[in-house]
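Below is target08.pdb, which holds PDB, C-alpha atoms, pLDDT in the B column.
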```pdb
ATOM      1  CA  MET R   1       6.678 -17.547 -19.948  1.00 99.00           C
ATOM      2  CA  LEU R   2      10.446 -17.458 -19.369  1.00 99.00           C
ATOM      3  CA  VAL R   3      12.110 -14.237 -20.565  1.00 99.00           C
ATOM      4  CA  HIS R   4      15.897 -14.141 -20.634  1.00 99.00           C
ATOM      5  CA  GLY R   5      18.316 -11.310 -19.983  1.00 98.00           C
ATOM      6  CA  SER R   6      21.301  -9.802 -21.788  1.00 98.00           C
ATOM      7  CA  PHE R   7      23.770 -11.749 -23.963  1.00 98.00           C
ATOM      8  CA  VAL R   8      21.791 -14.997 -24.067  1.00 99.00           C
ATOM      9  CA  GLY R   9      18.706 -16.396 -25.814  1.00 99.00           C
ATOM     10  CA  GLY R  10      15.905 -18.783 -25.023  1.00 99.00           C
ATOM     11  CA  TRP R  11      18.552 -21.518 -24.949  1.00 99.00           C
ATOM     12  CA  CYS R  12      19.620 -20.395 -21.463  1.00 99.00           C
ATOM     13  CA  TRP R  13      16.442 -21.968 -20.045  1.00 99.00           C
ATOM     14  CA  SER R  14      16.991 -25.328 -21.772  1.00 98.00           C
ATOM     15  CA  ARG R  15      17.771 -27.139 -18.517  1.00 98.00           C
ATOM     16  CA  VAL R  16      15.041 -25.344 -16.565  1.00 99.00           C
ATOM     17  CA  VAL R  17      12.183 -26.183 -18.938  1.00 99.00           C
ATOM     18  CA  PRO R  18      12.123 -30.015 -18.556  1.00 98.00           C
ATOM     19  CA  PRO R  19      11.487 -30.077 -14.775  1.00 98.00           C
ATOM     20  CA  LEU R  20       8.816 -27.389 -15.167  1.00 98.00           C
ATOM     21  CA  GLU R  21       7.106 -29.403 -17.899  1.00 98.00           C
ATOM     22  CA  ALA R  22       7.419 -32.548 -15.784  1.00 98.00           C
ATOM     23  CA  ALA R  23       5.531 -30.675 -13.056  1.00 97.00           C
ATOM     24  CA  GLY R  24       2.670 -30.095 -15.495  1.00 97.00           C
ATOM     25  CA  HIS R  25       3.422 -26.595 -16.764  1.00 97.00           C
ATOM     26  CA  GLU R  26       3.150 -25.369 -20.332  1.00 97.00           C
ATOM     27  CA  VAL R  27       6.410 -23.486 -20.842  1.00 98.00           C
ATOM     28  CA  TYR R  28       7.462 -20.888 -23.399  1.00 99.00           C
ATOM     29  CA  ALA R  29      11.078 -19.704 -23.588  1.00 99.00           C
ATOM     30  CA  PRO R  30      11.335 -17.359 -26.580  1.00 99.00           C
ATOM     31  CA  THR R  31      14.463 -15.604 -27.775  1.00 99.00           C
ATOM     32  CA  LEU R  32      14.160 -11.830 -27.852  1.00 99.00           C
ATOM     33  CA  THR R  33      14.651 -10.067 -31.170  1.00 99.00           C
ATOM     34  CA  GLY R  34      18.251  -9.117 -31.900  1.00 98.00           C
ATOM     35  CA  VAL R  35      20.038 -11.484 -29.524  1.00 98.00           C
ATOM     36  CA  GLY R  36      20.824 -15.182 -29.229  1.00 98.00           C
ATOM     37  CA  GLU R  37      19.956 -17.090 -32.390  1.00 97.00           C
ATOM     38  CA  ARG R  38      18.081 -13.959 -33.514  1.00 98.00           C
ATOM     39  CA  ALA R  39      21.200 -11.766 -33.377  1.00 98.00           C
ATOM     40  CA  GLY R  40      20.972 -11.325 -37.143  1.00 97.00           C
ATOM     41  CA  GLU R  41      17.824  -9.250 -36.579  1.00 98.00           C
ATOM     42  CA  ALA R  42      19.660  -6.678 -34.450  1.00 98.00           C
ATOM     43  CA  THR R  43      19.357  -3.051 -35.539  1.00 98.00           C
ATOM     44  CA  PRO R  44      19.850   0.238 -33.663  1.00 98.00           C
ATOM     45  CA  GLU R  45      16.055   0.553 -33.474  1.00 98.00           C
ATOM     46  CA  VAL R  46      15.409  -2.685 -31.564  1.00 99.00           C
ATOM     47  CA  GLY R  47      14.921  -1.989 -27.881  1.00 99.00           C
ATOM     48  CA  LEU R  48      12.784  -2.563 -24.828  1.00 99.00           C
ATOM     49  CA  LEU R  49       9.493  -1.565 -26.448  1.00 98.00           C
ATOM     50  CA  ALA R  50      10.081  -3.977 -29.329  1.00 99.00           C
ATOM     51  CA  HIS R  51      10.695  -6.774 -26.837  1.00 99.00           C
ATOM     52  CA  ILE R  52       7.554  -5.903 -24.888  1.00 98.00           C
ATOM     53  CA  ASP R  53       5.604  -5.986 -28.152  1.00 98.00           C
ATOM     54  CA  GLN R  54       7.140  -9.357 -29.021  1.00 99.00           C
ATOM     55  CA  ILE R  55       6.223 -11.107 -25.771  1.00 99.00           C
ATOM     56  CA  THR R  56       2.800  -9.453 -25.616  1.00 98.00           C
ATOM     57  CA  GLY R  57       2.139 -10.693 -29.140  1.00 99.00           C
ATOM     58  CA  LEU R  58       3.249 -14.217 -28.232  1.00 99.00           C
ATOM     59  CA  VAL R  59       0.794 -14.305 -25.334  1.00 99.00           C
ATOM     60  CA  GLU R  60      -2.045 -12.933 -27.442  1.00 98.00           C
ATOM     61  CA  VAL R  61      -1.519 -15.003 -30.591  1.00 98.00           C
ATOM     62  CA  ASN R  62      -1.536 -18.183 -28.484  1.00 98.00           C
ATOM     63  CA  ASP R  63      -4.508 -16.870 -26.473  1.00 98.00           C
ATOM     64  CA  LEU R  64      -2.676 -17.598 -23.224  1.00 98.00           C
ATOM     65  CA  ARG R  65      -4.401 -16.897 -19.911  1.00 98.00           C
ATOM     66  CA  ASP R  66      -3.248 -16.993 -16.289  1.00 97.00           C
ATOM     67  CA  VAL R  67       0.323 -16.555 -17.465  1.00 98.00           C
ATOM     68  CA  VAL R  68       3.161 -16.471 -14.957  1.00 98.00           C
ATOM     69  CA  LEU R  69       5.811 -14.166 -16.395  1.00 99.00           C
ATOM     70  CA  VAL R  70       9.365 -15.019 -15.338  1.00 99.00           C
ATOM     71  CA  GLY R  71      12.035 -12.435 -16.113  1.00 99.00           C
ATOM     72  CA  HIS R  72      15.744 -12.902 -15.466  1.00 99.00           C
ATOM     73  CA  SER R  73      17.968  -9.811 -15.282  1.00 98.00           C
ATOM     74  CA  TYR R  74      17.015  -7.536 -18.230  1.00 99.00           C
ATOM     75  CA  GLY R  75      14.013  -9.818 -18.748  1.00 99.00           C
ATOM     76  CA  GLY R  76      12.494  -8.120 -15.709  1.00 99.00           C
ATOM     77  CA  MET R  77      12.158  -4.944 -17.762  1.00 98.00           C
ATOM     78  CA  VAL R  78      10.295  -6.854 -20.450  1.00 99.00           C
ATOM     79  CA  VAL R  79       7.884  -8.747 -18.213  1.00 98.00           C
ATOM     80  CA  ALA R  80       7.003  -5.559 -16.336  1.00 98.00           C
ATOM     81  CA  GLY R  81       6.005  -3.981 -19.630  1.00 97.00           C
ATOM     82  CA  VAL R  82       4.005  -7.018 -20.704  1.00 98.00           C
ATOM     83  CA  ALA R  83       2.140  -7.187 -17.390  1.00 97.00           C
ATOM     84  CA  GLY R  84       1.237  -3.524 -17.694  1.00 95.00           C
ATOM     85  CA  ARG R  85       0.056  -4.013 -21.272  1.00 95.00           C
ATOM     86  CA  ILE R  86      -2.176  -7.082 -20.808  1.00 96.00           C
ATOM     87  CA  PRO R  87      -2.837  -7.470 -17.055  1.00 95.00           C
ATOM     88  CA  GLU R  88      -6.021  -9.436 -17.697  1.00 96.00           C
ATOM     89  CA  ARG R  89      -3.937 -12.331 -19.053  1.00 97.00           C
ATOM     90  CA  ILE R  90      -1.278 -12.326 -16.336  1.00 97.00           C
ATOM     91  CA  ALA R  91      -1.415 -14.365 -13.118  1.00 97.00           C
ATOM     92  CA  GLY R  92       1.748 -12.805 -11.731  1.00 98.00           C
ATOM     93  CA  ILE R  93       5.396 -11.931 -12.204  1.00 98.00           C
ATOM     94  CA  VAL R  94       8.449 -13.756 -10.894  1.00 99.00           C
ATOM     95  CA  TYR R  95      11.587 -11.638 -11.144  1.00 99.00           C
ATOM     96  CA  VAL R  96      14.750 -13.763 -11.023  1.00 99.00           C
ATOM     97  CA  ASP R  97      17.671 -11.548  -9.959  1.00 98.00           C
ATOM     98  CA  ALA R  98      16.118  -8.989 -12.246  1.00 98.00           C
ATOM     99  CA  PHE R  99      15.389  -5.338 -12.864  1.00 98.00           C
ATOM    100  CA  VAL R 100      12.090  -4.302 -11.282  1.00 97.00           C
ATOM    101  CA  PRO R 101      11.318  -0.995 -12.971  1.00 96.00           C
ATOM    102  CA  LYS R 102       8.713   1.587 -12.190  1.00 93.00           C
ATOM    103  CA  PRO R 103       6.836   3.211 -15.090  1.00 93.00           C
ATOM    104  CA  GLY R 104       9.134   5.680 -16.834  1.00 96.00           C
ATOM    105  CA  GLN R 105      12.358   3.926 -15.791  1.00 97.00           C
ATOM    106  CA  SER R 106      15.060   2.304 -17.896  1.00 98.00           C
ATOM    107  CA  ALA R 107      17.490  -0.385 -16.795  1.00 98.00           C
ATOM    108  CA  PHE R 108      20.068   2.379 -16.356  1.00 98.00           C
ATOM    109  CA  ASP R 109      17.687   4.223 -14.039  1.00 98.00           C
ATOM    110  CA  VAL R 110      17.428   1.117 -11.846  1.00 97.00           C
ATOM    111  CA  LEU R 111      21.205   0.448 -11.791  1.00 97.00           C
ATOM    112  CA  PRO R 112      22.949   3.679 -12.917  1.00 96.00           C
ATOM    113  CA  TRP R 113      26.477   2.250 -12.617  1.00 95.00           C
ATOM    114  CA  LEU R 114      25.739  -0.147 -15.470  1.00 95.00           C
ATOM    115  CA  ARG R 115      25.850   2.639 -18.066  1.00 96.00           C
ATOM    116  CA  ASP R 116      29.630   3.027 -17.842  1.00 97.00           C
ATOM    117  CA  ALA R 117      30.186  -0.721 -17.567  1.00 95.00           C
ATOM    118  CA  PHE R 118      28.171  -1.399 -20.706  1.00 96.00           C
ATOM    119  CA  ALA R 119      29.640   1.582 -22.581  1.00 96.00           C
ATOM    120  CA  ALA R 120      33.106   0.120 -22.027  1.00 96.00           C
ATOM    121  CA  GLN R 121      31.924  -3.017 -23.846  1.00 96.00           C
ATOM    122  CA  ALA R 122      30.565  -1.172 -26.912  1.00 97.00           C
ATOM    123  CA  LEU R 123      31.555  -2.658 -30.264  1.00 97.00           C
ATOM    124  CA  PRO R 124      33.678  -0.124 -32.220  1.00 96.00           C
ATOM    125  CA  GLU R 125      32.068  -0.994 -35.543  1.00 94.00           C
ATOM    126  CA  ARG R 126      28.534  -1.125 -34.101  1.00 97.00           C
ATOM    127  CA  PRO R 127      28.395   1.079 -30.988  1.00 96.00           C
ATOM    128  CA  TRP R 128      24.692   0.343 -30.526  1.00 98.00           C
ATOM    129  CA  LEU R 129      25.725  -3.130 -29.378  1.00 98.00           C
ATOM    130  CA  PHE R 130      27.884  -4.072 -26.408  1.00 98.00           C
ATOM    131  CA  ALA R 131      29.873  -7.257 -25.964  1.00 98.00           C
ATOM    132  CA  PRO R 132      29.061  -9.926 -23.387  1.00 98.00           C
ATOM    133  CA  PHE R 133      30.851 -10.012 -20.069  1.00 96.00           C
ATOM    134  CA  PRO R 134      32.869 -13.178 -19.388  1.00 97.00           C
ATOM    135  CA  LEU R 135      30.762 -15.756 -17.605  1.00 97.00           C
ATOM    136  CA  GLU R 136      33.368 -15.897 -14.842  1.00 95.00           C
ATOM    137  CA  ALA R 137      32.537 -12.266 -14.053  1.00 92.00           C
ATOM    138  CA  LEU R 138      28.886 -13.265 -13.755  1.00 94.00           C
ATOM    139  CA  GLY R 139      29.612 -15.976 -11.213  1.00 92.00           C
ATOM    140  CA  VAL R 140      29.776 -19.058 -13.438  1.00 97.00           C
ATOM    141  CA  GLU R 141      32.607 -21.031 -11.859  1.00 95.00           C
ATOM    142  CA  ASP R 142      32.061 -24.398 -13.542  1.00 97.00           C
ATOM    143  CA  GLN R 143      34.405 -24.694 -16.523  1.00 97.00           C
ATOM    144  CA  GLN R 144      32.175 -27.172 -18.368  1.00 98.00           C
ATOM    145  CA  ILE R 145      29.238 -24.778 -18.191  1.00 98.00           C
ATOM    146  CA  ARG R 146      31.428 -21.921 -19.413  1.00 98.00           C
ATOM    147  CA  GLU R 147      32.709 -24.002 -22.327  1.00 98.00           C
ATOM    148  CA  TRP R 148      29.133 -24.889 -23.293  1.00 98.00           C
ATOM    149  CA  ALA R 149      27.582 -21.455 -22.911  1.00 98.00           C
ATOM    150  CA  THR R 150      30.301 -18.992 -23.937  1.00 98.00           C
ATOM    151  CA  PRO R 151      30.097 -19.716 -27.701  1.00 98.00           C
ATOM    152  CA  LEU R 152      26.348 -19.050 -27.528  1.00 98.00           C
ATOM    153  CA  LEU R 153      26.658 -15.560 -26.033  1.00 99.00           C
ATOM    154  CA  THR R 154      25.885 -12.589 -28.289  1.00 99.00           C
ATOM    155  CA  PRO R 155      26.148  -8.799 -27.937  1.00 99.00           C
ATOM    156  CA  MET R 156      23.275  -6.918 -26.315  1.00 99.00           C
ATOM    157  CA  LEU R 157      21.310  -4.003 -27.712  1.00 98.00           C
ATOM    158  CA  TRP R 158      22.077  -0.600 -26.191  1.00 98.00           C
ATOM    159  CA  LYS R 159      18.546   0.650 -26.865  1.00 98.00           C
ATOM    160  CA  ALA R 160      17.112  -2.231 -24.842  1.00 99.00           C
ATOM    161  CA  VAL R 161      18.766  -1.055 -21.639  1.00 98.00           C
ATOM    162  CA  GLU R 162      18.448   2.662 -22.355  1.00 98.00           C
ATOM    163  CA  GLU R 163      14.804   2.730 -23.444  1.00 98.00           C
ATOM    164  CA  ARG R 164      12.331   3.465 -20.677  1.00 98.00           C
ATOM    165  CA  LEU R 165       9.262   1.562 -19.620  1.00 96.00           C
ATOM    166  CA  PRO R 166       6.304   3.688 -20.757  1.00 92.00           C
ATOM    167  CA  VAL R 167       4.993   6.060 -18.101  1.00 89.00           C
ATOM    168  CA  ASP R 168       1.531   4.646 -18.812  1.00 85.00           C
ATOM    169  CA  ALA R 169       2.725   1.073 -18.256  1.00 78.00           C
ATOM    170  CA  GLY R 170      -0.087   0.407 -15.805  1.00 78.00           C
ATOM    171  CA  ASP R 171      -0.267  -0.040 -12.055  1.00 80.00           C
ATOM    172  CA  LEU R 172       2.261  -2.811 -11.532  1.00 86.00           C
ATOM    173  CA  SER R 173       1.626  -2.698  -7.770  1.00 84.00           C
ATOM    174  CA  LYS R 174      -1.605  -4.573  -8.478  1.00 88.00           C
ATOM    175  CA  VAL R 175       0.192  -7.444 -10.218  1.00 94.00           C
ATOM    176  CA  PRO R 176       1.050 -10.316  -7.836  1.00 97.00           C
ATOM    177  CA  THR R 177       4.831 -10.379  -7.632  1.00 98.00           C
ATOM    178  CA  VAL R 178       7.605 -12.560  -6.214  1.00 98.00           C
ATOM    179  CA  PHE R 179      11.323 -11.764  -6.368  1.00 98.00           C
ATOM    180  CA  VAL R 180      14.033 -14.431  -6.444  1.00 99.00           C
ATOM    181  CA  LEU R 181      17.343 -13.046  -5.179  1.00 98.00           C
ATOM    182  CA  CYS R 182      20.587 -14.746  -6.183  1.00 98.00           C
ATOM    183  CA  ALA R 183      22.610 -13.860  -3.106  1.00 95.00           C
ATOM    184  CA  ARG R 184      26.027 -14.382  -4.691  1.00 93.00           C
ATOM    185  CA  GLY R 185      25.160 -12.109  -7.595  1.00 87.00           C
ATOM    186  CA  GLN R 186      25.066  -8.925  -5.493  1.00 85.00           C
ATOM    187  CA  PHE R 187      23.446  -6.965  -8.326  1.00 93.00           C
ATOM    188  CA  PHE R 188      19.972  -6.693  -6.856  1.00 97.00           C
ATOM    189  CA  ASP R 189      20.438  -6.685  -3.078  1.00 96.00           C
ATOM    190  CA  ASP R 190      18.982  -3.174  -2.803  1.00 96.00           C
ATOM    191  CA  THR R 191      16.051  -4.183  -4.990  1.00 97.00           C
ATOM    192  CA  ALA R 192      15.292  -7.086  -2.671  1.00 97.00           C
ATOM    193  CA  ILE R 193      15.447  -4.830   0.395  1.00 97.00           C
ATOM    194  CA  ASP R 194      13.053  -2.365  -1.225  1.00 96.00           C
ATOM    195  CA  LEU R 195      10.608  -5.080  -2.257  1.00 96.00           C
ATOM    196  CA  ARG R 196      10.619  -6.685   1.185  1.00 97.00           C
ATOM    197  CA  SER R 197       9.823  -3.284   2.708  1.00 97.00           C
ATOM    198  CA  ARG R 198       6.751  -3.181   0.469  1.00 94.00           C
ATOM    199  CA  GLY R 199       5.594  -6.629   1.516  1.00 95.00           C
ATOM    200  CA  ILE R 200       6.595  -8.419  -1.683  1.00 96.00           C
ATOM    201  CA  PRO R 201       7.840 -11.979  -1.071  1.00 97.00           C
ATOM    202  CA  VAL R 202      11.558 -12.472  -1.684  1.00 98.00           C
ATOM    203  CA  LEU R 203      12.944 -15.984  -2.097  1.00 98.00           C
ATOM    204  CA  THR R 204      16.719 -16.198  -1.690  1.00 98.00           C
ATOM    205  CA  MET R 205      18.994 -18.649  -3.485  1.00 98.00           C
ATOM    206  CA  ASP R 206      22.655 -19.102  -2.565  1.00 97.00           C
ATOM    207  CA  GLU R 207      23.618 -18.824  -6.222  1.00 96.00           C
ATOM    208  CA  GLY R 208      25.286 -16.455  -8.652  1.00 96.00           C
ATOM    209  CA  HIS R 209      23.489 -14.279 -11.174  1.00 97.00           C
ATOM    210  CA  MET R 210      23.400 -16.881 -13.977  1.00 98.00           C
ATOM    211  CA  VAL R 211      21.447 -19.355 -11.903  1.00 98.00           C
ATOM    212  CA  HIS R 212      19.572 -20.804 -14.888  1.00 98.00           C
ATOM    213  CA  LEU R 213      22.928 -22.045 -16.174  1.00 98.00           C
ATOM    214  CA  THR R 214      24.536 -23.116 -12.910  1.00 98.00           C
ATOM    215  CA  SER R 215      21.602 -24.627 -10.975  1.00 98.00           C
ATOM    216  CA  PRO R 216      18.704 -25.169 -13.385  1.00 98.00           C
ATOM    217  CA  GLY R 217      17.007 -27.905 -11.380  1.00 98.00           C
ATOM    218  CA  ARG R 218      17.122 -25.893  -8.185  1.00 98.00           C
ATOM    219  CA  LEU R 219      15.823 -22.831 -10.013  1.00 99.00           C
ATOM    220  CA  ALA R 220      12.922 -24.822 -11.441  1.00 99.00           C
ATOM    221  CA  ALA R 221      11.988 -25.900  -7.916  1.00 98.00           C
ATOM    222  CA  VAL R 222      12.148 -22.297  -6.696  1.00 98.00           C
ATOM    223  CA  LEU R 223       9.976 -21.148  -9.613  1.00 98.00           C
ATOM    224  CA  ILE R 224       7.357 -23.694  -8.607  1.00 98.00           C
ATOM    225  CA  GLU R 225       7.606 -22.399  -5.038  1.00 98.00           C
ATOM    226  CA  ALA R 226       7.230 -18.853  -6.357  1.00 97.00           C
ATOM    227  CA  GLU R 227       4.087 -19.859  -8.230  1.00 95.00           C
ATOM    228  CA  ASP R 228       2.667 -21.155  -4.951  1.00 94.00           C
ATOM    229  CA  GLU R 229       3.489 -17.778  -3.379  1.00 95.00           C
ATOM    230  CA  LEU R 230       1.630 -16.025  -6.192  1.00 94.00           C
ATOM    231  CA  GLY R 231      -1.356 -18.247  -5.493  1.00 90.00           C
ATOM    232  CA  ARG R 232      -1.332 -17.231  -1.843  1.00 89.00           C
ATOM    233  CA  LEU R 233      -1.133 -13.556  -2.813  1.00 87.00           C
ATOM    234  CA  THR R 234      -4.220 -13.850  -4.995  1.00 82.00           C
ATOM    235  CA  GLY R 235      -6.095 -16.370  -2.876  1.00 71.00           C
TER     236      GLY R 235
END
```
Entire entry expressed as structure tokens:
Amino acid sequence: MLVHGSFVGGWCWSRVVPPLEAAGHEVYAPTLTGVGERAGEATPEVGLLAHIDQITGLVEVNDLRDVVLVGHSYGGMVVAGVAGRIPERIAGIVYVDAFVPKPGQSAFDVLPWLRDAFAAQALPERPWLFAPFPLEALGVEDQQIREWATPLLTPMLWKAVEERLPVDAGDLSKVPTVFVLCARGQFFDDTAIDLRSRGIPVLTMDEGHMVHLTSPGRLAAVLIEAEDELGRLTG
């Protein structure tokens, strides 16, 4: 289950899915409510809890078991909530350069400096949305990738990054976890240090934050490696 971050939709995984499917995996890459091709569904009330409900419902309605949740960036907030909600269906979490919240935390609690950065991007006519950052600022150097992806970017929901993971989100320390650090991104270096200190495997890629756009094949290979790590943690 691939869960995207801010400004994008399920489309951002389009070049990651084929190699995962070729390796024998059943892959879901939904678009979260209110962003991507579902931007028309955005309202001030759509936030983190709505996204957790959405992905939880997708797992349950398809009766999925032994699910590996993969969350990129903001998607880490969502997969943490899903794992806490239905742990019996989850094989593990792979955070890809992502927020790793504790119960009761919001994305702003994890990275406080983001509040001002996002507030500066607020849309004047709809201040509950904030505009995408240029892909160059997120480490996408390839012009062809920027030309392909930039028209697909959409504003992000303020409530999604401000809303907190429920305090009763469950004991996430019991969920097998692997973190993939994009070393050029520099957003989650402290997160990786903290996780390593707690014995959580950290796989490092020499890539920028938007790795699913810039190196999809390499990311797919690392996700398969991460799944093997999850197997060792549970085996």
As a check of understanding, name the residues that the PyMOL selection byres ((chain R and resi 27) around 9) selects in the supplied structure, as a ChimeraX atom specification.
/R:1-2,17-18,20-21,25-26,28-29
Quick one: which residues end up in the PyMOL selection byres ((chain R and resi 49-51) around 10) for this structure, as a PyMOL selection string?
chain R and resi 3+31-34+45-48+52-57+75+77-79+81-82+159-160+163-166
Please expand the PyMOL selection byres ((chain R and resi 129) around 7) into the concrete residues it hits in this file, giving the result as a PyMOL selection string.
chain R and resi 122-123+126-128+130-131+155-158
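Excluding R:Leu233 and any residue on its chain fewer than 2 positions from it, the residues at most 10 Å away by all atoms listed in the file are Gly92, Val175, Pro176, Thr177, Val178, Ile200, Pro201, Glu227, Asp228, Glu229, Leu230, Gly231 and Gly235 of chain R.
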Pairwise distance, atom CA of R:Phe187 with atom CA of R:Ala117, equals 13.0 Å
Of the candidates R:Gly71, R:Pro87, R:Gly208, R:Gly199, which one gets nearest to R:Asp142 if we count all atoms listed in the file?
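Under the stated criterion, the closest residue is R:Gly208.
Take atom CA of R:Gly5 and atom CA of R:Pro151: the distance between them is 16.4 Å.
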Best match for closeness to R:Ile224 among R:Val35, R:Leu135, R:Ala23, R:Val180, counting all atoms listed in the file:
R:Ala23
What is the distance between atom CA of R:Val59 and atom CA of R:Gly10, in Å to one decimal?
15.8 Å
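Residue nearest R:Ile86, chosen from R:Val140, R:Ala119, R:Leu195, R:Leu64 and counting only C-alpha atoms: R:Leu64.
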Among listed residues R:Arg196, R:Arg115, R:Arg85, R:Arg15, nearest R:Ala220 (using all atoms listed in the file)
R:Arg15
Which residues are close to R:Pro132, i.e. within 10 Å by all atoms listed in the file, leaving aside same-chain residues fewer than 6 positions away? Reply as a PyMOL selection string.
chain R and resi 6-8+118+121-122+150+153-156
Would you mind exporting C-alpha atoms of the selected residues as a PDB file, in the frame of the given file?
```
ATOM      1  CA  SER R   6      21.301  -9.802 -21.788  1.00 98.00           C
ATOM      2  CA  PHE R   7      23.770 -11.749 -23.963  1.00 98.00           C
ATOM      3  CA  VAL R   8      21.791 -14.997 -24.067  1.00 99.00           C
ATOM      4  CA  PHE R 118      28.171  -1.399 -20.706  1.00 96.00           C
ATOM      5  CA  GLN R 121      31.924  -3.017 -23.846  1.00 96.00           C
ATOM      6  CA  ALA R 122      30.565  -1.172 -26.912  1.00 97.00           C
ATOM      7  CA  THR R 150      30.301 -18.992 -23.937  1.00 98.00           C
ATOM      8  CA  LEU R 153      26.658 -15.560 -26.033  1.00 99.00           C
ATOM      9  CA  THR R 154      25.885 -12.589 -28.289  1.00 99.00           C
ATOM     10  CA  PRO R 155      26.148  -8.799 -27.937  1.00 99.00           C
ATOM     11  CA  MET R 156      23.275  -6.918 -26.315  1.00 99.00           C
TER      12      MET R 156
END
```
When you count all atoms listed in the file, which of these residues is closest to R:Glu207: R:Asp97, R:Trp148, R:Pro134, R:Leu223?
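That would be R:Asp97, the residue with the smallest distance to R:Glu207.
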Could you check which of R:Glu125, R:Ala83, R:Leu152, R:Phe188 is closest to R:Gly9, using only C-alpha atoms?
R:Leu152
Spatial neighbours of R:Val161, 7 Å, all atoms listed in the file, chain gap at least 4 places, as a VMD selection string:
chain R and resid 48 106 to 108
Restrict the calculation to only C-alpha atoms, then for each residue of stretch 171-211 of chain R with any atom at most 9 Å from an atom of stretch 215-219 of chain R give the closest atom pair and their distance in Å to one decimal, rows by chain and rising residue number, as JSON lines.
```
{"residue": "R:Met205", "atom": "CA", "partner": "R:Leu219", "partner_atom": "CA", "distance": 8.4}
{"residue": "R:Glu207", "atom": "CA", "partner": "R:Ser215", "partner_atom": "CA", "distance": 7.8}
{"residue": "R:Met210", "atom": "CA", "partner": "R:Ser215", "partner_atom": "CA", "distance": 8.5}
{"residue": "R:Val211", "atom": "CA", "partner": "R:Ser215", "partner_atom": "CA", "distance": 5.4}
```
Dig up all the protein and nucleic acid residues within 7 Å of (21.1, -21.5, -20.5) in the file frame, using all atoms listed in the file, and format them as a list in words.
Trp11, Cys12, Trp13, Ser14, Arg15, Ala149, His212 and Leu213 of chain R
Quick one: axis-aligned box around all listed atoms of stretch 113-132 of chain R, 6 Å on every side, centre and edge lengths in Å to one decimal, written as lines of an AutoDock Vina configuration file.
```
center_x = 29.2
center_y = -3.4
center_z = -24.1
size_x = 21.0
size_y = 25.0
size_z = 34.9
```
